[in-house]
file data27.txt (compact mmCIF, C-alpha atoms)
# COMPACT_ATOMS: atom_id res chain seq x y z
CA MET A 1 105.31 96.88 113.24
CA SER A 2 102.83 94.30 114.48
CA GLY A 3 100.20 91.93 113.20
CA PRO A 4 100.70 88.90 110.96
CA GLU A 5 104.49 89.15 111.12
CA ASP A 6 104.48 88.70 114.90
CA GLU A 7 105.82 85.21 115.38
CA LEU A 8 108.39 86.44 117.89
CA PRO A 9 107.25 87.57 121.33
CA ARG A 10 107.35 91.28 122.13
CA TRP A 11 109.45 91.91 125.24
CA GLU A 12 107.65 93.58 128.15
CA LEU A 13 109.02 96.93 129.25
CA LEU A 14 109.44 97.00 133.05
CA SER A 15 111.19 100.32 133.62
CA ASP A 16 112.89 103.18 131.78
CA GLU A 17 115.31 105.43 133.66
CA LEU A 18 117.70 108.28 132.91
CA SER A 19 121.32 107.18 133.23
CA PHE A 20 123.32 110.05 131.72
CA GLN A 21 122.39 113.41 130.24
CA ALA A 22 124.34 114.69 127.23
CA ARG A 23 123.64 117.88 125.33
CA VAL A 24 121.30 116.79 122.54
CA TRP A 25 120.38 113.30 123.74
CA ASP A 26 120.43 111.32 126.94
CA LEU A 27 121.35 107.76 127.79
CA ARG A 28 118.53 105.75 129.35
CA THR A 29 118.30 102.25 130.77
CA ARG A 30 115.31 100.05 130.12
CA ARG A 31 114.60 96.82 131.92
CA TYR A 32 112.74 94.21 129.88
CA ARG A 33 111.19 90.78 130.48
CA GLN A 34 110.81 88.10 127.83
CA PRO A 35 107.18 87.03 128.37
CA LEU A 36 107.63 83.35 127.50
CA THR A 37 110.87 82.58 129.33
CA GLY A 38 110.64 85.16 132.12
CA GLN A 39 114.22 86.17 131.35
CA GLU A 40 115.00 89.79 132.29
CA GLY A 41 117.69 92.18 131.14
CA ASP A 42 118.85 95.80 131.09
CA PHE A 43 119.13 97.52 127.73
CA TYR A 44 120.73 100.90 127.13
CA TYR A 45 119.65 103.40 124.51
CA LEU A 46 119.97 107.02 123.54
CA ASN A 47 116.80 109.07 123.76
CA SER A 48 116.93 111.60 120.94
CA SER A 49 114.70 113.88 118.89
CA ASP A 50 114.22 112.91 115.26
CA TRP A 51 116.71 114.07 112.65
CA ALA A 52 116.35 115.33 109.10
CA ILE A 53 118.95 115.18 106.36
CA VAL A 54 118.66 116.79 102.95
CA VAL A 55 119.60 115.62 99.48
CA ALA A 56 119.74 119.03 97.80
CA ARG A 57 120.19 119.18 94.03
CA THR A 58 121.09 122.23 91.94
CA LYS A 59 119.63 122.99 88.50
CA ALA A 60 122.86 121.61 87.02
CA GLY A 61 122.32 118.23 88.73
CA GLU A 62 124.92 118.63 91.46
CA LEU A 63 124.36 117.67 95.10
CA VAL A 64 125.20 119.88 98.07
CA MET A 65 127.72 118.09 100.30
CA ILE A 66 129.21 119.27 103.57
CA ARG A 67 132.34 118.41 105.47
CA GLN A 68 132.70 118.98 109.18
CA PHE A 69 134.66 117.86 112.18
CA ARG A 70 132.87 115.05 113.98
CA TRP A 71 133.83 114.42 117.57
CA GLY A 72 132.69 110.79 117.67
CA VAL A 73 135.27 109.72 115.11
CA ASP A 74 137.67 112.58 116.00
CA ASP A 75 137.95 113.42 112.30
CA PHE A 76 136.30 115.20 109.38
CA THR A 77 133.55 113.53 107.38
CA TRP A 78 131.68 114.23 104.14
CA GLU A 79 127.92 113.95 104.46
CA PHE A 80 124.62 115.65 103.63
CA PRO A 81 123.36 118.75 105.46
CA GLY A 82 120.96 117.99 108.28
CA GLY A 83 120.29 118.15 111.96
CA VAL A 84 117.86 117.84 114.80
CA ILE A 85 114.17 118.50 114.15
CA ASP A 86 112.75 121.00 116.63
CA GLU A 87 109.77 119.93 118.72
CA GLY A 88 106.62 120.09 116.61
CA GLU A 89 108.58 121.04 113.49
CA ASP A 90 107.72 119.39 110.19
CA PRO A 91 110.59 117.23 108.87
CA VAL A 92 110.59 118.98 105.49
CA VAL A 93 110.68 122.40 107.13
CA ALA A 94 113.49 121.22 109.41
CA GLY A 95 115.48 119.86 106.48
CA LEU A 96 115.20 123.06 104.46
CA ARG A 97 116.06 125.10 107.56
CA GLU A 98 119.19 123.02 108.22
CA LEU A 99 120.14 123.28 104.54
CA GLN A 100 120.01 127.05 104.67
CA GLU A 101 121.70 127.35 108.06
CA GLU A 102 124.55 124.98 107.25
CA THR A 103 125.16 125.80 103.58
CA GLY A 104 123.34 128.99 102.60
CA TYR A 105 121.44 127.10 99.90
CA VAL A 106 117.69 127.56 99.73
CA ALA A 107 114.87 125.65 98.04
CA GLN A 108 111.34 126.63 97.04
CA SER A 109 110.09 123.32 98.40
CA GLY A 110 111.15 119.89 99.61
CA ARG A 111 109.69 116.41 99.72
CA LEU A 112 110.01 113.57 102.23
CA ILE A 113 111.54 110.61 100.36
CA GLY A 114 112.15 108.22 103.26
CA SER A 115 112.30 107.63 107.03
CA CYS A 116 114.26 105.04 108.94
CA SER A 117 115.71 104.33 112.35
CA PRO A 118 119.38 105.44 112.47
CA ASN A 119 120.06 102.47 114.75
CA PRO A 120 117.12 100.59 116.32
CA ALA A 121 119.41 98.86 118.82
CA ILE A 122 120.89 102.05 120.26
CA LEU A 123 118.67 105.00 119.35
CA ASN A 124 114.91 105.50 119.71
CA ASN A 125 114.50 108.13 116.98
CA LYS A 126 113.95 108.36 113.23
CA CYS A 127 115.96 110.06 110.55
CA HIS A 128 113.88 111.59 107.77
CA VAL A 129 115.34 112.18 104.33
CA ILE A 130 114.22 115.25 102.40
CA PHE A 131 114.78 115.82 98.69
CA ALA A 132 115.09 119.46 97.67
CA ASP A 133 115.39 120.13 93.96
CA GLN A 134 116.69 123.20 92.10
CA VAL A 135 118.34 124.68 95.17
CA GLU A 136 120.20 127.98 94.85
CA LEU A 137 122.56 129.98 96.99
CA GLY A 138 120.35 132.33 99.00
CA GLU A 139 121.03 135.90 100.06
CA THR A 140 121.05 135.41 103.81
CA GLY A 141 124.12 133.16 103.96
CA THR A 142 124.74 130.57 106.65
CA ASP A 143 123.78 130.53 110.31
CA TRP A 144 125.94 128.00 112.08
CA ASP A 145 125.12 126.59 115.49
CA GLU A 146 127.69 126.84 118.25
CA HIS A 147 130.63 124.52 117.40
CA GLU A 148 129.63 124.22 113.72
CA GLU A 149 132.30 124.88 111.11
CA ILE A 150 131.29 123.61 107.73
CA GLU A 151 132.90 123.29 104.32
CA VAL A 152 130.31 123.26 101.54
CA ARG A 153 130.97 121.71 98.18
CA ILE A 154 128.71 121.29 95.14
CA ILE A 155 129.45 117.97 93.48
CA PRO A 156 128.02 116.31 90.35
CA GLU A 157 125.72 113.44 91.25
CA ALA A 158 127.84 110.82 89.46
CA GLU A 159 130.86 111.91 91.49
CA VAL A 160 128.90 111.62 94.74
CA MET A 161 128.07 108.03 93.75
CA ASP A 162 131.79 107.43 93.15
CA TRP A 163 132.50 108.80 96.61
CA ALA A 164 129.91 106.42 98.04
CA ARG A 165 131.40 103.47 96.16
CA ASN A 166 134.89 104.34 97.39
CA ASN A 167 134.03 104.86 101.08
CA ARG A 168 134.56 108.60 100.89
CA ILE A 169 131.12 109.33 102.32
CA GLY A 170 131.72 109.28 106.07
CA HIS A 171 128.23 108.87 107.51
CA ALA A 172 125.86 105.90 107.21
CA LEU A 173 122.87 108.27 107.19
CA ALA A 174 124.22 109.98 104.08
CA MET A 175 124.52 106.55 102.45
CA MET A 176 120.93 105.85 103.46
CA GLY A 177 119.92 109.24 102.04
CA LEU A 178 121.59 108.40 98.73
CA LEU A 179 119.67 105.12 98.50
CA TYR A 180 116.34 106.83 99.21
CA TYR A 181 117.31 109.42 96.60
CA GLN A 182 117.94 106.70 94.03
CA LEU A 183 114.66 104.97 94.85
CA ASN A 184 112.28 107.89 95.36
CA LYS A 185 113.69 111.02 93.70
CA MET B 186 141.11 112.27 106.40
CA SER B 187 143.69 115.04 106.20
CA GLY B 188 145.79 116.90 103.67
CA PRO B 189 144.58 119.17 100.88
CA GLU B 190 140.98 119.11 102.07
CA ASP B 191 141.94 120.59 105.43
CA GLU B 192 140.62 124.12 105.29
CA LEU B 193 138.84 123.71 108.60
CA PRO B 194 140.86 123.52 111.83
CA ARG B 195 141.10 120.18 113.60
CA TRP B 196 139.91 120.45 117.20
CA GLU B 197 142.47 119.56 119.87
CA LEU B 198 141.57 116.67 122.15
CA LEU B 199 142.16 117.64 125.79
CA SER B 200 140.74 114.65 127.67
CA ASP B 201 138.71 111.47 127.17
CA GLU B 202 136.96 109.88 130.16
CA LEU B 203 134.57 107.02 130.82
CA SER B 204 131.10 108.30 131.77
CA PHE B 205 128.90 105.20 131.64
CA GLN B 206 129.52 101.54 130.91
CA ALA B 207 126.91 99.58 128.94
CA ARG B 208 127.19 95.98 127.84
CA VAL B 209 128.70 96.20 124.37
CA TRP B 210 129.76 99.85 124.32
CA ASP B 211 130.48 102.60 126.77
CA LEU B 212 129.69 106.29 126.87
CA ARG B 213 132.72 108.54 127.06
CA THR B 214 133.20 112.29 127.38
CA ARG B 215 135.85 114.13 125.42
CA ARG B 216 136.89 117.68 126.06
CA TYR B 217 138.04 119.58 122.96
CA ARG B 218 139.56 122.98 122.21
CA GLN B 219 139.13 124.84 118.94
CA PRO B 220 142.74 125.90 118.20
CA LEU B 221 141.96 129.25 116.53
CA THR B 222 139.27 130.59 118.85
CA GLY B 223 140.30 128.82 122.07
CA GLN B 224 136.67 127.77 122.55
CA GLU B 225 136.30 124.58 124.61
CA GLY B 226 133.50 122.06 124.88
CA ASP B 227 132.53 118.60 126.11
CA PHE B 228 131.42 116.05 123.51
CA TYR B 229 129.87 112.70 124.28
CA TYR B 230 130.31 109.55 122.23
CA LEU B 231 129.88 105.80 122.37
CA ASN B 232 133.06 103.77 122.31
CA SER B 233 132.32 100.59 120.39
CA SER B 234 134.02 97.79 118.52
CA ASP B 235 133.50 97.74 114.78
CA TRP B 236 130.48 96.02 113.33
CA ALA B 237 129.94 93.83 110.27
CA ILE B 238 126.70 93.34 108.34
CA VAL B 239 126.16 90.87 105.53
CA VAL B 240 124.30 91.10 102.26
CA ALA B 241 123.86 87.36 101.64
CA ARG B 242 122.46 86.25 98.28
CA THR B 243 121.15 82.80 97.40
CA LYS B 244 121.70 81.11 94.03
CA ALA B 245 118.13 82.13 93.14
CA GLY B 246 118.98 85.82 93.66
CA GLU B 247 117.20 86.25 96.97
CA LEU B 248 118.63 88.13 99.96
CA VAL B 249 118.68 86.82 103.53
CA MET B 250 116.77 89.23 105.77
CA ILE B 251 116.20 89.03 109.50
CA ARG B 252 113.64 90.47 111.85
CA GLN B 253 114.28 90.93 115.54
CA PHE B 254 113.12 92.87 118.55
CA ARG B 255 115.23 96.01 119.00
CA TRP B 256 115.21 97.59 122.40
CA GLY B 257 116.22 101.09 121.22
CA VAL B 258 113.01 101.52 119.23
CA ASP B 259 111.03 99.10 121.44
CA ASP B 260 109.83 97.31 118.32
CA PHE B 261 110.72 94.74 115.64
CA THR B 262 112.80 95.71 112.62
CA TRP B 263 113.80 94.11 109.33
CA GLU B 264 117.50 94.34 108.59
CA PHE B 265 120.54 92.37 107.42
CA PRO B 266 122.33 89.84 109.61
CA GLY B 267 125.37 91.21 111.41
CA GLY B 268 126.98 92.00 114.71
CA VAL B 269 130.06 92.99 116.62
CA ILE B 270 133.47 92.06 115.23
CA ASP B 271 135.57 90.25 117.82
CA GLU B 272 138.95 91.74 118.71
CA GLY B 273 141.45 90.89 115.97
CA GLU B 274 138.78 89.23 113.84
CA ASP B 275 138.71 89.91 110.12
CA PRO B 276 135.50 91.75 109.07
CA VAL B 277 134.70 89.16 106.38
CA VAL B 278 135.16 86.30 108.85
CA ALA B 279 133.00 88.14 111.36
CA GLY B 280 130.28 88.75 108.79
CA LEU B 281 130.13 85.12 107.71
CA ARG B 282 130.17 84.00 111.36
CA GLU B 283 127.25 86.28 112.22
CA LEU B 284 125.38 85.10 109.12
CA GLN B 285 125.68 81.49 110.22
CA GLU B 286 124.94 82.18 113.89
CA GLU B 287 121.90 84.34 113.24
CA THR B 288 120.36 82.60 110.21
CA GLY B 289 121.99 79.20 109.68
CA TYR B 290 123.06 80.23 106.16
CA VAL B 291 126.66 79.62 105.16
CA ALA B 292 128.87 80.91 102.35
CA GLN B 293 132.05 79.59 100.78
CA SER B 294 133.50 83.10 100.84
CA GLY B 295 132.67 86.75 101.30
CA ARG B 296 133.97 90.05 100.11
CA LEU B 297 134.21 93.49 101.76
CA ILE B 298 132.13 95.89 99.64
CA GLY B 299 132.20 98.99 101.85
CA SER B 300 133.02 100.55 105.21
CA CYS B 301 131.52 103.61 106.81
CA SER B 302 130.98 105.26 110.16
CA PRO B 303 127.51 104.37 111.52
CA ASN B 304 127.34 107.85 113.03
CA PRO B 305 130.51 109.97 113.22
CA ALA B 306 128.88 112.39 115.66
CA ILE B 307 127.96 109.76 118.24
CA LEU B 308 129.99 106.60 117.62
CA ASN B 309 133.72 106.09 117.09
CA ASN B 310 133.49 102.82 115.17
CA LYS B 311 133.08 101.57 111.62
CA CYS B 312 130.49 99.26 110.10
CA HIS B 313 131.85 96.99 107.39
CA VAL B 314 129.55 95.56 104.72
CA ILE B 315 130.23 92.05 103.46
CA PHE B 316 128.76 90.54 100.32
CA ALA B 317 128.35 86.75 100.41
CA ASP B 318 127.11 85.15 97.23
CA GLN B 319 125.49 81.73 96.66
CA VAL B 320 124.75 81.18 100.32
CA GLU B 321 123.00 77.98 101.40
CA LEU B 322 121.34 76.72 104.53
CA GLY B 323 124.08 74.90 106.45
CA GLU B 324 123.84 71.80 108.58
CA THR B 325 124.76 73.28 111.94
CA GLY B 326 121.76 75.60 112.25
CA THR B 327 121.75 78.83 114.21
CA ASP B 328 123.63 79.80 117.37
CA TRP B 329 121.90 82.78 118.90
CA ASP B 330 123.53 85.01 121.49
CA GLU B 331 121.77 85.62 124.78
CA HIS B 332 118.63 87.73 124.11
CA GLU B 333 118.64 86.96 120.38
CA GLU B 334 115.40 85.72 118.80
CA ILE B 335 115.44 86.02 115.08
CA GLU B 336 113.00 85.49 112.24
CA VAL B 337 114.77 84.67 108.98
CA ARG B 338 113.21 85.29 105.60
CA ILE B 339 114.58 84.82 102.09
CA ILE B 340 113.31 87.59 99.87
CA PRO B 341 113.81 88.31 96.15
CA GLU B 342 116.18 91.22 95.61
CA ALA B 343 113.57 93.34 93.80
CA GLU B 344 111.24 92.95 96.76
CA VAL B 345 113.95 94.02 99.19
CA MET B 346 114.36 97.18 97.09
CA ASP B 347 110.60 97.74 97.34
CA TRP B 348 110.86 97.36 101.10
CA ALA B 349 113.65 99.95 101.12
CA ARG B 350 111.61 102.35 98.97
CA ASN B 351 108.58 101.96 101.25
CA ASN B 352 110.39 102.42 104.59
CA ARG B 353 109.97 98.78 105.56
CA ILE B 354 113.69 98.34 106.19
CA GLY B 355 114.09 99.40 109.82
CA HIS B 356 117.81 100.05 110.13
CA ALA B 357 119.92 102.74 108.45
CA LEU B 358 122.88 100.35 108.29
CA ALA B 359 120.83 97.92 106.21
CA MET B 360 119.99 100.80 103.86
CA MET B 361 123.71 101.61 103.69
CA GLY B 362 124.43 97.94 103.00
CA LEU B 363 121.93 97.93 100.14
CA LEU B 364 123.60 100.95 98.56
CA TYR B 365 127.06 99.36 98.79
CA TYR B 366 125.53 96.22 97.32
CA GLN B 367 124.15 98.19 94.36
CA LEU B 368 127.48 99.95 93.81
CA ASN B 369 130.00 97.17 94.44
CA LYS B 370 128.32 93.76 94.08

call {"tool": "encode", "arguments": {"input": "data27.txt", "output": "structure tokens"}}
result
Amino acid sequence: MSGPEDELPRWELLSDELSFQARVWDLRTRRYRQPLTGQEGDFYYLNSSDWAIVVARTKAGELVMIRQFRWGVDDFTWEFPGGVIDEGEDPVVAGLRELQEETGYVAQSGRLIGSCSPNPAILNNKCHVIFADQVELGETGTDWDEHEEIEVRIIPEAEVMDWARNNRIGHALAMMGLLYYQLNK
Amino acid sequence: MSGPEDELPRWELLSDELSFQARVWDLRTRRYRQPLTGQEGDFYYLNSSDWAIVVARTKAGELVMIRQFRWGVDDFTWEFPGGVIDEGEDPVVAGLRELQEETGYVAQSGRLIGSCSPNPAILNNKCHVIFADQVELGETGTDWDEHEEIEVRIIPEAEVMDWARNNRIGHALAMMGLLYYQLNK
């Protein structure tokens, strides 16, 4: 974002170095200079591919929710299907692929309903939200990645909103997906 | 979360070690074992204090939005005020403190309207969402942290929803905050 909103100075990027390599992202350190004050500082971020999550709705108006063990919180969370977009892959294609792999549900088509930074302070990527309507259980079943173990549940939309209201959705990106769904479905 | 929903096995935590220390969080490596298969793996996460963000509404029904340079995306983003909760600090107190420090707006009281993991795969913390109604510009002004430079804008609620719809909100946690606001205000 730039242009008429730019009253604040853009910090100058001085360097950008690998600090730690994890499996699907790496930690990098950037050194910046504030152009007006000359102040410098190191800032740490995770370099990651973009992600796609899917709000998948059945003909009966239920949403496809998944529950899986998440190592960051050392616990299970309810969220939407989704995952990492492969290099060069279209976000909609990635979302429908993750939906099928994680849940076995398939859709004739999907539509991008929103894109946002998961955390602009810590991560450099985007999370795209795909809406897939009239999804059905396909014939090929699931295809879990290594370490994936997923419970799939089909839940009426109103109940998903109750879960959101009552803090039973365990992932901010699923909350974001629900808002985009409300606004752009 | 445990109990009747537990059809999936909980992974056993074998070790948890510091891998890299950043300013406000550190990167840690956990080794886990799947109890049924014996499969082991390393998982990386950021160890962070909890965060609080604030949906602050004026008497005229506008919301207090901020814009700041975010080093993760190397760009400016629009989002809600918020920050790190100090050790032992109540989330509502933290939210109102951050509101005042970042924007100069003050509230008589606030209310917790939701809590969620920002990213259960990567982070171990929670983000709490505070709703503060009838906020007013206080007399003490702002008190920015080192590196903070913030543009404050007061925007009618309907326009904020348009921003959300059109991907102009640049932080998933602000989107989450907006959903909690819709559901629990």

call {"tool": "interface_residues", "arguments": {"input": "data27.txt", "of": "chain A", "to": "chain B", "cutoff": "6 Å", "atoms": "only C-alpha atoms", "output": "number ranges by chain"}}
result
A: 45, 70-73, 116-124, 165, 170-172, 175-176, 179, 183

call {"tool": "atom_distance", "arguments": {"input": "data27.txt", "atom1": "CA of Gly88 in chain A", "atom2": "CA of Met65 in chain A"}}
result
26.7 Å

call {"tool": "atom_distance", "arguments": {"input": "data27.txt", "atom1": "CA of Glu98 in chain A", "atom2": "CA of Arg57 in chain A"}}
result
14.7 Å

call {"tool": "closest_residue", "arguments": {"input": "data27.txt", "among": "B:Asp330, B:Thr243, B:Phe265, B:Val345", "to": "Glu286 in chain B", "atoms": "only C-alpha atoms"}}
result
B:Asp330

call {"tool": "residues_near_point", "arguments": {"input": "data27.txt", "point": "(112.5, 119.8, 111.4)", "cutoff": "10 Å", "atoms": "all atoms listed in the file", "output": "mmCIF file with C-alpha atoms, in the coordinates of the input"}}
result
data_model
loop_
_atom_site.group_PDB
_atom_site.id
_atom_site.type_symbol
_atom_site.label_atom_id
_atom_site.label_comp_id
_atom_site.auth_asym_id
_atom_site.auth_seq_id
_atom_site.Cartn_x
_atom_site.Cartn_y
_atom_site.Cartn_z
ATOM 1 C CA SER A 49 114.700 113.880 118.890
ATOM 2 C CA ASP A 50 114.220 112.910 115.260
ATOM 3 C CA TRP A 51 116.710 114.070 112.650
ATOM 4 C CA ALA A 52 116.350 115.330 109.100
ATOM 5 C CA ILE A 53 118.950 115.180 106.360
ATOM 6 C CA GLY A 82 120.960 117.990 108.280
ATOM 7 C CA GLY A 83 120.290 118.150 111.960
ATOM 8 C CA VAL A 84 117.860 117.840 114.800
ATOM 9 C CA ILE A 85 114.170 118.500 114.150
ATOM 10 C CA ASP A 86 112.750 121.000 116.630
ATOM 11 C CA GLU A 87 109.770 119.930 118.720
ATOM 12 C CA GLY A 88 106.620 120.090 116.610
ATOM 13 C CA GLU A 89 108.580 121.040 113.490
ATOM 14 C CA ASP A 90 107.720 119.390 110.190
ATOM 15 C CA PRO A 91 110.590 117.230 108.870
ATOM 16 C CA VAL A 92 110.590 118.980 105.490
ATOM 17 C CA VAL A 93 110.680 122.400 107.130
ATOM 18 C CA ALA A 94 113.490 121.220 109.410
ATOM 19 C CA GLY A 95 115.480 119.860 106.480
ATOM 20 C CA LEU A 96 115.200 123.060 104.460
ATOM 21 C CA ARG A 97 116.060 125.100 107.560
ATOM 22 C CA GLU A 98 119.190 123.020 108.220
ATOM 23 C CA HIS A 128 113.880 111.590 107.770
#

call {"tool": "closest_residue", "arguments": {"input": "data27.txt", "among": "A:Leu112, A:Ala107, A:Leu99, A:Val129", "to": "Asp143 in chain A", "atoms": "only C-alpha atoms"}}
result
A:Leu99

call {"tool": "residues_around", "arguments": {"input": "data27.txt", "residues": "Asp318 in chain B", "least_positions_apart": "2", "cutoff": "10 Å", "atoms": "only C-alpha atoms", "output": "PDB file with C-alpha atoms, in the coordinates of the input"}}
result
ATOM      1  CA  VAL B 240     124.300  91.100 102.260  1.00  0.00           C
ATOM      2  CA  ALA B 241     123.860  87.360 101.640  1.00  0.00           C
ATOM      3  CA  ARG B 242     122.460  86.250  98.280  1.00  0.00           C
ATOM      4  CA  THR B 243     121.150  82.800  97.400  1.00  0.00           C
ATOM      5  CA  LYS B 244     121.700  81.110  94.030  1.00  0.00           C
ATOM      6  CA  GLY B 246     118.980  85.820  93.660  1.00  0.00           C
ATOM      7  CA  GLU B 247     117.200  86.250  96.970  1.00  0.00           C
ATOM      8  CA  LEU B 248     118.630  88.130  99.960  1.00  0.00           C
ATOM      9  CA  VAL B 291     126.660  79.620 105.160  1.00  0.00           C
ATOM     10  CA  ALA B 292     128.870  80.910 102.350  1.00  0.00           C
ATOM     11  CA  GLN B 293     132.050  79.590 100.780  1.00  0.00           C
ATOM     12  CA  SER B 294     133.500  83.100 100.840  1.00  0.00           C
ATOM     13  CA  GLY B 295     132.670  86.750 101.300  1.00  0.00           C
ATOM     14  CA  ARG B 296     133.970  90.050 100.110  1.00  0.00           C
ATOM     15  CA  ILE B 315     130.230  92.050 103.460  1.00  0.00           C
ATOM     16  CA  PHE B 316     128.760  90.540 100.320  1.00  0.00           C
ATOM     17  CA  VAL B 320     124.750  81.180 100.320  1.00  0.00           C
ATOM     18  CA  GLU B 321     123.000  77.980 101.400  1.00  0.00           C
ATOM     19  CA  LYS B 370     128.320  93.760  94.080  1.00  0.00           C
TER      20      LYS B 370
END

call {"tool": "atom_distance", "arguments": {"input": "data27.txt", "atom1": "CA of Ile251 in chain B", "atom2": "CA of Val337 in chain B"}}
result
4.6 Å

call {"tool": "build_atoms", "arguments": {"input": "data27.txt", "residues": "range 312-331 of chain B", "atoms": "N, CA and C atoms", "output": "mmCIF file, in the coordinates of the input"}}
result
data_model
loop_
_atom_site.group_PDB
_atom_site.id
_atom_site.type_symbol
_atom_site.label_atom_id
_atom_site.label_comp_id
_atom_site.auth_asym_id
_atom_site.auth_seq_id
_atom_site.Cartn_x
_atom_site.Cartn_y
_atom_site.Cartn_z
ATOM 1 N N CYS B 312 131.297 100.430 110.469
ATOM 2 C CA CYS B 312 130.490 99.260 110.100
ATOM 3 C C CYS B 312 130.968 98.811 108.721
ATOM 4 N N HIS B 313 131.375 97.566 108.637
ATOM 5 C CA HIS B 313 131.850 96.990 107.390
ATOM 6 C C HIS B 313 130.713 96.187 106.746
ATOM 7 N N VAL B 314 130.598 96.280 105.434
ATOM 8 C CA VAL B 314 129.550 95.560 104.720
ATOM 9 C C VAL B 314 130.183 94.448 103.896
ATOM 10 N N ILE B 315 129.704 93.234 104.127
ATOM 11 C CA ILE B 315 130.230 92.050 103.460
ATOM 12 C C ILE B 315 129.196 91.535 102.476
ATOM 13 N N PHE B 316 129.650 91.185 101.284
ATOM 14 C CA PHE B 316 128.760 90.540 100.320
ATOM 15 C C PHE B 316 129.137 89.058 100.239
ATOM 16 N N ALA B 317 128.140 88.208 100.484
ATOM 17 C CA ALA B 317 128.350 86.750 100.410
ATOM 18 C C ALA B 317 127.390 86.207 99.366
ATOM 19 N N ASP B 318 127.942 85.619 98.328
ATOM 20 C CA ASP B 318 127.110 85.150 97.230
ATOM 21 C C ASP B 318 126.918 83.631 97.323
ATOM 22 N N GLN B 319 125.804 83.154 96.734
ATOM 23 C CA GLN B 319 125.490 81.730 96.660
ATOM 24 C C GLN B 319 125.466 81.064 98.031
ATOM 25 N N VAL B 320 124.844 81.745 98.969
ATOM 26 C CA VAL B 320 124.750 81.180 100.320
ATOM 27 C C VAL B 320 123.718 80.050 100.331
ATOM 28 N N GLU B 321 123.915 79.124 101.249
ATOM 29 C CA GLU B 321 123.000 77.980 101.400
ATOM 30 C C GLU B 321 122.764 77.716 102.880
ATOM 31 N N LEU B 322 121.624 77.100 103.157
ATOM 32 C CA LEU B 322 121.340 76.720 104.530
ATOM 33 C C LEU B 322 122.321 75.616 104.941
ATOM 34 N N GLY B 323 123.083 75.862 106.008
ATOM 35 C CA GLY B 323 124.080 74.900 106.450
ATOM 36 C C GLY B 323 123.486 73.811 107.324
ATOM 37 N N GLU B 324 124.327 72.934 107.794
ATOM 38 C CA GLU B 324 123.840 71.800 108.580
ATOM 39 C C GLU B 324 123.861 72.048 110.079
ATOM 40 N N THR B 325 124.603 73.070 110.500
ATOM 41 C CA THR B 325 124.760 73.280 111.940
ATOM 42 C C THR B 325 123.639 74.105 112.554
ATOM 43 N N GLY B 326 122.845 74.790 111.709
ATOM 44 C CA GLY B 326 121.760 75.600 112.250
ATOM 45 C C GLY B 326 122.246 76.913 112.820
ATOM 46 N N THR B 327 121.414 77.517 113.646
ATOM 47 C CA THR B 327 121.750 78.830 114.210
ATOM 48 C C THR B 327 122.416 78.669 115.581
ATOM 49 N N ASP B 328 122.998 79.766 116.054
ATOM 50 C CA ASP B 328 123.630 79.800 117.370
ATOM 51 C C ASP B 328 123.446 81.198 117.926
ATOM 52 N N TRP B 329 122.239 81.441 118.464
ATOM 53 C CA TRP B 329 121.900 82.780 118.900
ATOM 54 C C TRP B 329 122.627 83.161 120.194
ATOM 55 N N ASP B 330 123.006 84.451 120.247
ATOM 56 C CA ASP B 330 123.530 85.010 121.490
ATOM 57 C C ASP B 330 122.399 85.096 122.510
ATOM 58 N N GLU B 331 122.785 85.342 123.753
ATOM 59 C CA GLU B 331 121.770 85.620 124.780
ATOM 60 C C GLU B 331 120.911 86.794 124.298
#
